[in-house]
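A.B. asks: Structure: my_file18.cif, mmCIF, C-alpha atoms.
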```
data_protein
loop_
_atom_site.group_PDB
_atom_site.id
_atom_site.type_symbol
_atom_site.label_atom_id
_atom_site.label_comp_id
_atom_site.auth_asym_id
_atom_site.auth_seq_id
_atom_site.Cartn_x
_atom_site.Cartn_y
_atom_site.Cartn_z
ATOM 1 C CA MET A 1 0.000 0.000 0.000
ATOM 2 C CA ASN A 2 2.778 2.439 0.877
ATOM 3 C CA ALA A 3 4.577 1.798 -2.398
ATOM 4 C CA LYS A 4 1.430 2.569 -4.407
ATOM 5 C CA ILE A 5 0.933 5.844 -2.572
ATOM 6 C CA PHE A 6 4.611 6.683 -3.022
ATOM 7 C CA PHE A 7 4.429 6.156 -6.766
ATOM 8 C CA ILE A 8 1.190 8.108 -7.158
ATOM 9 C CA PHE A 9 2.507 11.173 -5.362
ATOM 10 C CA GLY A 10 6.057 10.726 -6.674
ATOM 11 C CA ILE A 11 4.881 10.710 -10.270
ATOM 12 C CA LEU A 12 2.645 13.738 -9.666
ATOM 13 C CA GLN A 13 5.571 15.553 -8.068
ATOM 14 C CA SER A 14 7.884 14.690 -10.960
ATOM 15 C CA ILE A 15 5.375 15.810 -13.570
ATOM 16 C CA SER A 16 4.782 19.129 -11.847
ATOM 17 C CA LEU A 17 8.532 19.690 -11.402
ATOM 18 C CA GLY A 18 9.118 18.939 -15.080
ATOM 19 C CA VAL A 19 6.445 21.441 -16.114
ATOM 20 C CA ILE A 20 7.910 24.087 -13.809
ATOM 21 C CA ILE A 21 11.413 23.548 -15.217
ATOM 22 C CA PHE A 22 10.101 23.717 -18.779
ATOM 23 C CA LEU A 23 8.208 26.953 -18.101
ATOM 24 C CA ILE A 24 11.194 28.574 -16.372
ATOM 25 C CA PHE A 25 13.454 27.850 -19.332
ATOM 26 C CA ARG A 26 10.727 29.056 -21.707
ATOM 27 C CA SER A 27 10.455 32.319 -19.808
ATOM 28 C CA LEU A 28 14.247 32.735 -19.974
ATOM 29 C CA ASN A 29 13.996 32.492 -23.750
ATOM 30 C CA ALA A 30 11.132 34.998 -23.769
ATOM 31 C CA ILE A 31 13.187 37.545 -21.826
ATOM 32 C CA GLU A 32 16.150 37.465 -24.211
ATOM 33 C CA ASP A 33 15.912 38.115 -27.940
ATOM 34 C CA THR A 34 18.232 35.196 -28.695
ATOM 35 C CA MET A 35 17.705 31.548 -27.823
ATOM 36 C CA VAL A 36 19.269 30.934 -24.423
ATOM 37 C CA ILE A 37 18.381 27.239 -24.270
ATOM 38 C CA GLY A 38 17.114 25.211 -27.212
ATOM 39 C CA LEU A 39 13.877 23.267 -27.252
ATOM 40 C CA ASP A 40 15.629 19.900 -27.198
ATOM 41 C CA THR A 41 17.632 20.843 -24.102
ATOM 42 C CA ARG A 42 14.512 22.151 -22.356
ATOM 43 C CA ILE A 43 12.653 18.910 -23.013
ATOM 44 C CA LEU A 44 15.636 16.779 -21.978
ATOM 45 C CA LEU A 45 16.145 18.649 -18.699
ATOM 46 C CA SER A 46 12.413 18.703 -17.994
ATOM 47 C CA ILE A 47 12.290 14.912 -18.254
ATOM 48 C CA LEU A 48 15.622 13.740 -16.874
ATOM 49 C CA PHE A 49 15.916 15.894 -13.740
ATOM 50 C CA PRO A 50 12.520 14.864 -12.287
ATOM 51 C CA LEU A 51 13.153 11.248 -13.304
ATOM 52 C CA PHE A 52 16.476 11.105 -11.463
ATOM 53 C CA LEU A 53 14.880 12.836 -8.482
ATOM 54 C CA LEU A 54 12.164 10.165 -8.415
ATOM 55 C CA LEU A 55 14.797 7.429 -8.565
ATOM 56 C CA VAL A 56 16.728 8.947 -5.655
ATOM 57 C CA GLU A 57 13.558 9.315 -3.612
ATOM 58 C CA TYR A 58 12.675 5.685 -4.363
ATOM 59 C CA ALA A 59 16.141 4.537 -3.270
ATOM 60 C CA ILE A 60 15.691 6.404 0.014
ATOM 61 C CA PHE A 61 12.162 5.023 0.387
ATOM 62 C CA THR A 62 13.250 1.409 -0.046
ATOM 63 C CA ARG A 63 15.985 1.666 2.589
ATOM 64 C CA LYS A 64 13.483 2.394 5.349
#
```
What does this structure look like when you write it as structure tokens?
C.D. replies:
Amino acid sequence: MNAKIFFIFGILQSISLGVIIFLIFRSLNAIEDTMVIGLDTRILLSILFPLFLLLVEYAIFTRK
């Protein structure tokens, strides 16, 4: 039961963090006239950072 709850809230947290990261990088590009960060890098960082965070949280969760 605890693992199901962990994955539900962990996935929701990762999705919201990915959206926040994507929007922050998009706003950085909107501020400058030139492209600060490309679309491919924004997508990659928006997916990989929350995914690795979820994996670290799962590793900590399983040790308890």
A.B. asks: Take the PyMOL selection byres ((chain A and resi 42) around 10), run it mentally on this structure, and tell me the resulting residues as number ranges by chain.
C.D. replies: A: 18, 21-26, 37-41, 43-47
A.B. asks: Which of these, A:Ala59, A:Ser16, A:Leu51, A:Leu28, has the shortest distance to Ala3 of chain A once you count only C-alpha atoms?
C.D. replies: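 Of all the options, A:Ala59 lies closest to Ala3 of chain A.
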A.B. asks: Please evaluate the PyMOL selection byres ((chain A and resi 6) around 12) against the displayed coordinates and give the resulting residues as a CSV table (one decimal) with C-alpha atoms, in the coordinates of the input.
C.D. replies:
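Generated file (selection_35.csv):
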```
chain,number,residue,atom,x,y,z
A,1,MET,CA,0.0,0.0,0.0
A,2,ASN,CA,2.8,2.4,0.9
A,3,ALA,CA,4.6,1.8,-2.4
A,4,LYS,CA,1.4,2.6,-4.4
A,5,ILE,CA,0.9,5.8,-2.6
A,7,PHE,CA,4.4,6.2,-6.8
A,8,ILE,CA,1.2,8.1,-7.2
A,9,PHE,CA,2.5,11.2,-5.4
A,10,GLY,CA,6.1,10.7,-6.7
A,11,ILE,CA,4.9,10.7,-10.3
A,12,LEU,CA,2.6,13.7,-9.7
A,13,GLN,CA,5.6,15.6,-8.1
A,14,SER,CA,7.9,14.7,-11.0
A,54,LEU,CA,12.2,10.2,-8.4
A,55,LEU,CA,14.8,7.4,-8.6
A,57,GLU,CA,13.6,9.3,-3.6
A,58,TYR,CA,12.7,5.7,-4.4
A,59,ALA,CA,16.1,4.5,-3.3
A,60,ILE,CA,15.7,6.4,0.0
A,61,PHE,CA,12.2,5.0,0.4
A,62,THR,CA,13.2,1.4,0.0
```
A.B. asks: Using atom CA of Leu17 of chain A and atom CA of Phe49 of chain A as the two end points, give the distance in Å to one decimal.
C.D. replies: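 Going from atom CA of Leu17 of chain A over to atom CA of Phe49 of chain A covers 8.6 Å.
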A.B. asks: So for segment 42-61 of chain A, what box centre and size do we get, axis-aligned, 6 Å extra on each of the six sides, every listed atom, Å to one decimal, as JSON?
C.D. replies:
```
{"center_x": 14.4, "center_y": 13.3, "center_z": -11.3, "size_x": 16.6, "size_y": 29.6, "size_z": 35.4}
```
